[in-house]
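Text of input_20.txt, listed as compact mmCIF, C-alpha atoms:
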# COMPACT_ATOMS: atom_id res chain seq x y z
CA GLN A 1 -15.16 10.19 6.52
CA ARG A 2 -13.53 7.75 8.87
CA PRO A 3 -15.04 5.50 11.55
CA ALA A 4 -15.80 7.17 14.88
CA GLY A 5 -12.66 7.86 16.88
CA GLN A 6 -10.32 7.55 13.87
CA PRO A 7 -8.03 10.39 12.74
CA ASN A 8 -8.69 12.37 9.59
CA SER A 9 -6.44 11.82 6.59
CA GLN A 10 -4.45 14.38 4.67
CA GLN A 11 -5.05 13.84 0.99
CA PRO A 12 -3.18 15.14 -2.06
CA LEU A 13 -4.87 18.16 -3.59
CA GLY A 14 -6.57 18.08 -6.96
CA GLN A 15 -9.74 16.40 -8.13
CA THR A 16 -10.24 14.18 -11.15
CA ASN A 17 -13.07 14.69 -13.58
CA ARG A 18 -13.86 10.99 -13.78
CA GLN A 19 -14.75 10.19 -10.20
CA GLN A 20 -18.01 8.30 -10.05
CA GLN A 21 -20.71 8.28 -7.44
CA ARG A 22 -22.05 4.94 -6.21
CA PRO A 23 -24.97 4.09 -8.49
CA ALA A 24 -28.40 4.35 -6.92
CA GLY A 25 -30.02 1.08 -6.00
CA GLN A 26 -26.86 -0.81 -5.05
CA PRO A 27 -27.79 -3.99 -3.14
CA SER A 28 -27.53 -3.73 0.60
CA PRO A 29 -24.30 -5.22 1.99
CA GLN A 30 -24.44 -8.76 3.31
CA GLY A 31 -22.24 -10.09 6.04
CA LEU A 32 -18.53 -10.66 5.66
CA ASN A 33 -15.99 -10.51 8.42
CA HIS A 34 -16.62 -7.00 9.73
CA SER A 35 -14.62 -4.74 12.01
CA THR A 36 -14.33 -0.98 12.23
CA LYS A 37 -10.52 -1.05 12.45
CA PRO A 38 -8.72 -1.40 9.09
CA GLU A 39 -5.36 -3.10 8.71
CA TYR A 40 -4.05 -0.15 6.76
CA GLU A 41 -4.52 3.59 6.57
CA ALA A 42 -2.50 5.30 3.92
CA HIS A 43 -2.55 8.94 4.97
CA PRO A 44 -1.38 10.78 8.09
CA SER A 45 -3.30 13.22 10.25
CA THR A 46 -3.46 16.83 9.14
CA LYS A 47 -1.15 17.58 12.08
CA ALA A 48 1.89 16.75 9.94
CA VAL A 49 4.81 19.03 10.80
CA ARG A 50 6.21 19.00 7.27
CA HIS A 51 4.25 20.90 4.63
CA LYS A 52 4.33 20.15 0.93
CA ASP A 53 5.97 22.55 -1.45
CA PRO A 54 3.25 24.32 -3.53
CA ARG A 55 5.01 23.10 -6.67
CA GLN A 56 4.66 19.50 -5.47
CA VAL A 57 0.95 20.03 -4.78
CA GLU A 58 0.49 21.38 -8.30
CA LYS A 59 2.37 18.43 -9.78
CA GLU A 60 0.22 15.99 -7.81
CA ALA A 61 -2.95 17.61 -9.13
CA GLU A 62 -1.64 17.53 -12.70
CA ALA A 63 -0.60 13.88 -12.33
CA GLU A 64 -4.05 12.91 -11.07
CA GLU A 65 -5.81 14.64 -13.95
CA ARG A 66 -3.43 13.12 -16.50
CA ALA A 67 -3.70 9.60 -15.10
CA ALA A 68 -7.47 9.76 -14.79
CA THR A 69 -7.63 10.65 -18.47
CA ASP A 70 -4.91 8.38 -19.85
CA ASN A 71 -4.86 5.43 -17.43
CA VAL A 72 -2.39 3.57 -19.65
CA GLY A 73 -0.52 0.46 -18.55
CA PHE A 74 3.04 0.47 -17.21
CA ASN A 75 5.65 -1.80 -15.66
CA VAL A 76 7.95 0.05 -13.25
CA ASP A 77 11.44 -1.37 -12.67
CA PHE A 78 12.30 -0.32 -9.11
CA GLY A 79 15.99 -0.57 -9.87
CA ASP A 80 15.59 2.47 -12.14
CA GLN A 81 15.37 5.79 -10.29
CA ASN A 82 13.76 7.63 -13.20
CA GLN A 83 10.97 5.07 -13.52
CA VAL A 84 10.25 5.09 -9.78
CA LYS A 85 10.10 8.89 -9.56
CA LYS A 86 7.91 9.10 -12.67
CA HIS A 87 5.15 7.08 -10.99
CA PHE A 88 5.66 7.63 -7.23
CA PHE A 89 6.11 10.53 -4.83
CA ILE A 90 8.71 9.92 -2.12
CA ASP A 91 6.94 11.26 0.94
CA GLU A 92 8.38 13.03 3.96
CA ARG A 93 5.89 13.69 6.75
CA THR A 94 4.41 12.47 10.03
CA LEU A 95 2.30 9.33 9.65
CA PHE A 96 -0.47 8.81 12.21
CA THR A 97 -2.11 5.46 11.55
CA TYR A 98 -4.82 4.56 14.07
CA LYS A 99 -2.76 5.76 17.04
CA SER A 100 0.54 4.41 15.76
CA VAL A 101 3.02 7.10 14.74
CA SER A 102 6.18 7.20 12.65
CA CYS A 103 8.26 9.67 10.65
CA VAL A 104 8.21 9.09 6.90
CA ARG A 105 11.60 10.15 5.51
CA ARG A 106 12.96 10.40 1.96
CA ASP A 107 16.33 8.99 3.03
CA HIS A 108 14.54 5.78 4.06
CA VAL A 109 13.62 5.08 0.42
CA ARG A 110 16.71 3.62 -1.28
CA ILE A 111 16.37 3.23 -5.05
CA GLY A 112 18.64 1.09 -7.21
CA VAL A 113 19.97 -1.17 -4.46
CA PRO A 114 21.68 -4.36 -5.74
CA PHE A 115 20.14 -7.52 -4.31
CA VAL A 116 23.11 -9.81 -3.66
CA GLY A 117 22.49 -13.53 -4.10
CA SER A 118 19.23 -12.98 -5.97
CA LYS A 119 17.49 -16.13 -7.15
CA GLY A 120 14.05 -17.32 -8.14
CA ARG A 121 11.68 -14.34 -8.35
CA ALA A 122 14.23 -11.95 -6.83
CA PRO A 123 15.34 -9.14 -9.15
CA LYS A 124 18.98 -8.08 -9.40
CA ARG A 125 18.23 -4.53 -8.29
CA GLY A 126 15.31 -2.70 -6.72
CA THR A 127 14.15 -0.29 -4.03
CA LEU A 128 14.30 -0.72 -0.27
CA LEU A 129 11.93 0.90 2.22
CA VAL A 130 13.74 0.94 5.56
CA MET A 131 12.31 1.18 9.09
CA ASP A 132 14.65 2.10 11.97
CA ASN A 133 15.21 4.70 14.70
CA GLN A 134 17.36 7.12 12.70
CA SER A 135 16.25 10.77 13.09
CA PRO A 136 12.54 10.38 13.96
CA ASP A 137 12.31 14.16 14.36
CA CYS A 138 8.85 14.81 12.89
CA SER A 139 7.00 14.46 16.22
CA ASP A 140 7.76 14.31 19.93
CA ARG A 141 5.79 11.04 19.99
CA ALA A 142 7.81 9.35 17.24
CA GLU A 143 10.56 6.81 17.89
CA ILE A 144 10.58 5.27 14.40
CA SER A 145 11.49 6.48 10.91
CA THR A 146 10.38 4.68 7.77
CA GLY A 147 10.01 4.87 3.99
CA HIS A 148 6.75 5.27 2.08
CA LEU A 149 5.83 5.52 -1.62
CA HIS A 150 2.66 7.31 -2.74
CA GLY A 151 1.57 6.81 -6.35
CA ARG A 152 1.25 9.76 -8.72
CA ASP A 153 -1.26 8.00 -10.97
CA VAL A 154 -5.00 7.68 -10.38
CA PHE A 155 -6.62 4.38 -11.36
CA HIS A 156 -10.18 3.39 -12.12
CA TYR A 157 -10.08 -0.41 -12.26
CA GLY A 158 -7.13 -2.50 -13.37
CA LYS A 159 -4.80 -5.40 -12.65
CA PHE A 160 -1.94 -4.53 -10.28
CA SER A 161 1.04 -6.88 -9.97
CA PHE A 162 3.74 -6.40 -7.33
CA ARG A 163 7.05 -8.28 -7.12
CA ILE A 164 7.96 -7.62 -3.50
CA ARG A 165 9.64 -9.10 -0.47
CA LEU A 166 7.55 -8.12 2.55
CA ALA A 167 8.91 -6.78 5.86
CA HIS A 168 12.10 -8.65 6.74
CA ALA A 169 15.41 -8.18 8.56
CA LEU A 170 18.10 -5.78 7.40
CA ALA A 171 21.22 -7.54 6.20
CA SER A 172 24.49 -6.79 7.97
CA GLU A 173 26.98 -4.44 6.29
CA SER A 174 29.25 -7.40 5.51
CA GLN A 175 26.45 -9.26 3.74
CA GLY A 176 25.17 -6.46 1.59
CA HIS A 177 21.46 -6.73 0.85
CA LYS A 178 20.94 -10.49 0.57
CA HIS A 179 17.57 -11.48 -0.82
CA GLY A 180 18.34 -14.98 -2.00
CA GLY A 181 19.57 -16.60 1.20
CA GLY A 182 22.68 -16.42 3.38
CA ASN A 183 24.35 -18.11 6.31
CA ARG A 184 23.81 -15.47 8.94
CA LYS A 185 20.34 -15.12 10.44
CA GLU A 186 19.16 -11.57 11.05
CA VAL A 187 16.12 -10.70 13.16
CA VAL A 188 13.31 -8.48 11.86
CA ALA A 189 11.55 -5.98 14.12
CA PRO A 190 8.44 -7.73 15.51
CA ASN A 191 6.29 -4.61 14.99
CA ALA A 192 6.78 -4.10 11.24
CA MET A 193 3.89 -4.05 8.76
CA SER A 194 4.06 -4.08 4.95
CA CYS A 195 1.03 -2.98 2.93
CA LEU A 196 0.17 -2.83 -0.77
CA ALA A 197 -2.93 -0.72 -1.25
CA LEU A 198 -5.23 1.26 -3.47
CA TYR A 199 -6.78 4.15 -1.55
CA THR A 200 -8.93 7.27 -1.67
CA ASN A 201 -10.89 9.30 0.84
CA LYS A 202 -11.92 12.27 -1.29
CA THR A 203 -15.59 11.64 -1.92
CA GLU A 204 -16.05 8.33 -0.11
CA HIS A 205 -13.51 6.07 1.59
CA ASN A 206 -12.67 3.32 -0.88
CA GLU A 207 -9.71 1.03 -0.32
CA ILE A 208 -8.29 -2.34 -1.38
CA ALA A 209 -5.29 -3.62 0.57
CA ALA A 210 -3.03 -6.58 1.28
CA CYS A 211 -1.13 -6.29 4.58
CA PHE A 212 1.48 -8.40 6.35
CA ARG A 213 2.79 -8.29 9.94
CA SER A 214 6.32 -9.45 10.73
CA SER A 215 5.08 -11.08 13.94
CA GLU A 216 2.77 -13.38 11.92
CA PRO A 217 4.94 -14.39 8.94
CA LYS A 218 2.56 -17.05 7.57
CA PHE A 219 -0.53 -14.82 7.52
CA ILE A 220 -1.70 -12.22 5.01
CA SER A 221 -4.66 -9.89 5.60
CA LEU A 222 -6.74 -8.95 2.55
CA SER A 223 -9.35 -6.24 2.83
CA PHE A 224 -11.52 -3.63 1.16
CA PHE A 225 -13.74 -0.68 2.16
CA VAL A 226 -16.70 0.92 0.42
CA GLY A 227 -17.27 3.88 2.74
CA LYS A 228 -19.53 5.25 5.42
CA GLU A 229 -22.55 5.84 3.20
CA VAL A 230 -22.69 2.19 2.12
CA ASP A 231 -22.03 0.26 5.33
CA GLY A 232 -20.60 2.56 7.99
CA ASP A 233 -17.03 2.25 6.63
CA LYS A 234 -16.64 -1.30 7.88
CA ILE A 235 -13.67 -3.38 6.88
CA HIS A 236 -14.32 -6.49 4.80
CA LEU A 237 -11.46 -8.73 5.79
CA LYS A 238 -10.01 -12.16 5.08
CA ARG A 239 -6.94 -13.49 6.89
CA GLU A 240 -5.29 -16.24 4.90
CA THR A 241 -2.78 -18.75 6.27
CA MET A 242 0.08 -19.56 3.89
CA ARG A 243 2.32 -22.62 3.89
CA HIS A 244 5.56 -20.65 4.13
CA ASN A 245 6.95 -17.50 5.71
CA LEU A 246 5.96 -14.78 3.23
CA SER A 247 8.95 -12.61 4.15
CA ASP A 248 11.62 -15.22 3.34
CA ALA A 249 11.68 -14.42 -0.38
CA PHE A 250 10.17 -12.32 -3.15
CA HIS A 251 6.60 -13.13 -4.15
CA ASP A 252 4.24 -11.94 -6.87
CA PHE A 253 1.16 -10.28 -5.37
CA THR A 254 -1.77 -9.41 -7.66
CA ILE A 255 -4.85 -7.28 -7.03
CA TYR A 256 -7.43 -7.47 -9.83
CA TRP A 257 -10.03 -4.72 -9.49
CA ALA A 258 -13.00 -4.47 -11.86
CA LYS A 259 -16.47 -2.96 -11.54
CA HIS A 260 -18.03 -6.25 -10.44
CA GLU A 261 -15.07 -8.16 -9.07
CA ILE A 262 -11.96 -8.10 -6.87
CA VAL A 263 -9.47 -10.98 -6.93
CA PHE A 264 -6.37 -11.30 -4.71
CA SER A 265 -3.62 -13.70 -5.85
CA ILE A 266 -0.15 -14.71 -4.65
CA ASP A 267 2.34 -16.32 -7.04
CA GLY A 268 -0.45 -16.97 -9.52
CA LYS A 269 -2.74 -18.71 -7.02
CA GLU A 270 -6.09 -17.13 -6.24
CA ILE A 271 -6.44 -16.39 -2.51
CA TRP A 272 -9.71 -14.45 -2.20
CA ARG A 273 -12.57 -13.41 -4.46
CA PRO A 274 -15.00 -11.45 -2.23
CA ASP A 275 -18.71 -12.12 -2.66
CA TYR A 276 -20.27 -8.78 -1.77
CA GLY A 277 -22.97 -6.57 -3.24
CA VAL A 278 -20.93 -3.36 -3.40
CA LEU A 279 -17.25 -3.04 -4.34
CA PRO A 280 -14.93 0.00 -4.40
CA TRP A 281 -15.83 2.26 -7.33
CA GLU A 282 -13.94 5.52 -6.69
CA PRO A 283 -10.67 6.29 -8.57
CA MET A 284 -7.75 5.43 -6.27
CA THR A 285 -3.98 5.81 -6.00
CA LEU A 286 -1.33 3.25 -5.05
CA ARG A 287 0.46 3.08 -1.68
CA LEU A 288 3.56 1.01 -0.87
CA ILE A 289 4.27 1.28 2.82
CA LEU A 290 6.37 -0.08 5.64
CA ARG A 291 5.33 1.10 9.10
CA PRO A 292 5.06 0.08 12.77
CA PHE A 293 1.73 -1.32 13.95
CA ASN A 294 2.31 -1.35 17.72
CA ILE A 295 0.58 1.23 19.96
CA PRO A 296 2.34 3.13 21.38
CA SER A 297 4.86 2.84 18.54
CA THR A 298 7.99 2.11 20.56
CA TYR A 299 11.15 1.20 18.69
CA GLN A 300 11.67 -2.58 18.64
CA GLY A 301 14.23 -3.06 15.89
CA LYS A 302 14.88 -2.61 12.19
CA ALA A 303 13.03 -3.88 9.13
CA GLN A 304 13.05 -3.41 5.39
CA MET A 305 10.71 -4.05 2.48
CA ALA A 306 12.22 -4.81 -0.96
CA ILE A 307 10.40 -3.83 -4.16
CA GLY A 308 11.39 -5.26 -7.52
CA SER A 309 8.60 -4.10 -9.82
CA VAL A 310 5.01 -2.87 -10.01
CA GLU A 311 2.93 -3.49 -13.13
CA PHE A 312 -0.45 -2.01 -14.03
CA THR A 313 -2.75 -3.29 -16.77
CA PRO A 314 -5.99 -1.35 -17.47
CA VAL A 315 -9.27 -3.25 -17.24
CA PRO A 316 -12.36 -2.04 -19.14
CA GLU A 317 -15.09 -0.82 -16.80
CA GLU A 318 -17.60 -3.33 -18.16
CA LYS A 319 -15.26 -6.33 -17.76
CA LYS A 320 -16.48 -8.73 -15.10
CA ILE A 321 -14.63 -12.06 -15.23
CA TYR A 322 -11.03 -12.33 -14.07
CA THR A 323 -8.71 -14.05 -16.55

Would you mind giving the structure from this file in structure tokens?
Amino acid sequence: QRPAGQPNSQQPLGQTNRQQQRPAGQPSPQGLNHSTKPEYEAHPSTKAVRHKDPRQVEKEAEAEERAATDNVGFNVDFGDQNQVKKHFFIDERTLFTYKSVSCVRRDHVRIGVPFVGSKGRAPKRGTLLVMDNQSPDCSDRAEISTGHLHGRDVFHYGKFSFRIRLAHALASESQGHKHGGGNRKEVVAPNAMSCLALYTNKTEHNEIAACFRSSEPKFISLSFFVGKEVDGDKIHLKRETMRHNLSDAFHDFTIYWAKHEIVFSIDGKEIWRPDYGVLPWEPMTLRLILRPFNIPSTYQGKAQMAIGSVEFTPVPEEKKIYT
């Protein structure tokens, strides 16, 4: 369940056989930075106007069962369409996110785009999620269309590494998609948010997320949830100030999730290791999302999020120390 006044979430069908209940006798939560409003909510309201094909629902259920059983490592090259579609659903639906609204469209996920002028951590090719005002026809309230990737696999602990350039300006047609610099300065929409998240709301709301707002380019918000039963579904949040604009280039973001530990890192540097009695324990799926955060969600310009790769390494349940 969600905090009071928050919309319900539409979840993929299908249950895993390995979901775990929170062990009895967990220590009571001690204070972190609490708020009832999360930075990120992966799923839309059940009022979505587009309905999933029954075959897709069946495939999602099969993927969840398979992943919960196998949970093997992978490294997805987002320049390869087959690899992307093997591990991610390309959603098309209405996305209600704490009163913001947008239309998630398949044609706003562009796989195999060449990244002109790539250098440093930038890959030569990858996937773009695009946010603009093209055909936001999913709801009368929507002015914005965007791209969203929803993982097929279900994870129960692991190390997740993302090579991504967060919400930034679209390059002009003459430039191509420049991700390594350029002479012409483009302007990103001030209301764009990029999020990398692990999420479930099937038995209890568990979530681990890193979110970035284009209006605050030197800040990153790191958070997790352990559900209503544990602490009223409060957000445990840390906002970290970085030395540079995080959207200017590709960076390596890492979320390490084990039974007794969560560690957030950027470019190999540890940013936050929460000290809390209870951590997310439910199996979760990945979300890669670009969306508006303003309410009401009026159109304020274009943005894009560039994805080079996503790597998953399993972590044994009993492992505690991050290495």

Discussion item. If we count all atoms listed in the file and set the cut-off at 9 Å, which residues sit around Phe88 (chain A), ignoring sequence neighbours fewer than 6 positions away in its own chain? Please answer as an MDAnalysis selection string.
Written reply: chainID A and resid 149:153 286:287

Discussion item. To one decimal place in Å, what is the distance between CA of Phe250 (chain A) and CA of Arg163 (chain A)?
Written reply: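 Computing it gives 6.5 Å between the two atoms.
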
Discussion item. Would you pick out the contacts of Leu170 (chain A) at 7 Å or less, using only C-alpha atoms, so that residues sharing its chain but fewer than 3 positions from it are not included, and give the list as a PyMOL selection string?
Written reply: chain A and resi 186+302-304

Fill in: Interatomic distance, CA of Thr285 (chain A) to CA of Pro217 (chain A) (Å, one decimal)
26.7 Å

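For the pair CA of Arg106 (chain A) and CA of Phe78 (chain A), the interatomic distance is 15.4 Å.
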
Practice prompt. Identify which of the residues A:Gly268, A:Gly277, A:Gly308, A:Gly147 lies closest to Ile90 (chain A), counting all atoms listed in the file when measuring atom-to-atom distances.
Written response: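 Among the listed residues, A:Gly147 lies closest to Ile90 (chain A).
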
Worksheet item: Around (-2.5, 0.7, -15.2) in the file's frame, which residues reach within 10 Å when counting only C-alpha atoms? Return as a list in words?
Response: Ala67, Asp70, Asn71, Val72, Gly73, Phe74, Asn75, Asp153, Val154, Phe155, His156, Tyr157, Gly158, Lys159, Phe160, Ser161, Val310, Glu311, Phe312, Thr313, Pro314 and Val315 of chain A

Worksheet entry | Minimum-distance residue to Lys238 (chain A), chosen among A:Asn294, A:Ser221, A:Ser100, A:Thr200 (using only C-alpha atoms) |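 The closest residue to Lys238 (chain A) is A:Ser221.
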
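For the residues A:Lys234, A:Arg273, A:Arg243, A:Arg110, ranking by smallest atom-to-atom distance to Leu222 (chain A) using only C-alpha atoms places A:Arg273 first.
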
Worksheet entry | Nearest residue to Thr94 (chain A) from the set A:Ile271, A:Leu288, A:Ala142, A:Met193 (distances using only C-alpha atoms) |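 With only C-alpha atoms as the atom set, the closest residue is A:Ala142.
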
Worksheet item: Between A:Phe162, A:Phe115, A:Phe96, A:Trp281, which has the minimum distance to Gly227 (chain A) (counting all atoms listed in the file)?
Response: A:Trp281

Worksheet item: In file coordinates, which residues lie within 9 Å of (-21.1, -1.9, 2.8) using all atoms listed in the file, given as an MDAnalysis selection string?
Response: chainID A and resid 28:31 225:236 276:279

What box, with edges along x, y and z, holds each listed atom of region 204-223 of chain A when 5 Å is added on every side, and can you state its centre and edge lengths in Å to one decimal, as lines of an AutoDock Vina configuration file?
center_x = -4.9
center_y = -4.4
center_z = 6.3
size_x = 32.4
size_y = 35.4
size_z = 25.3
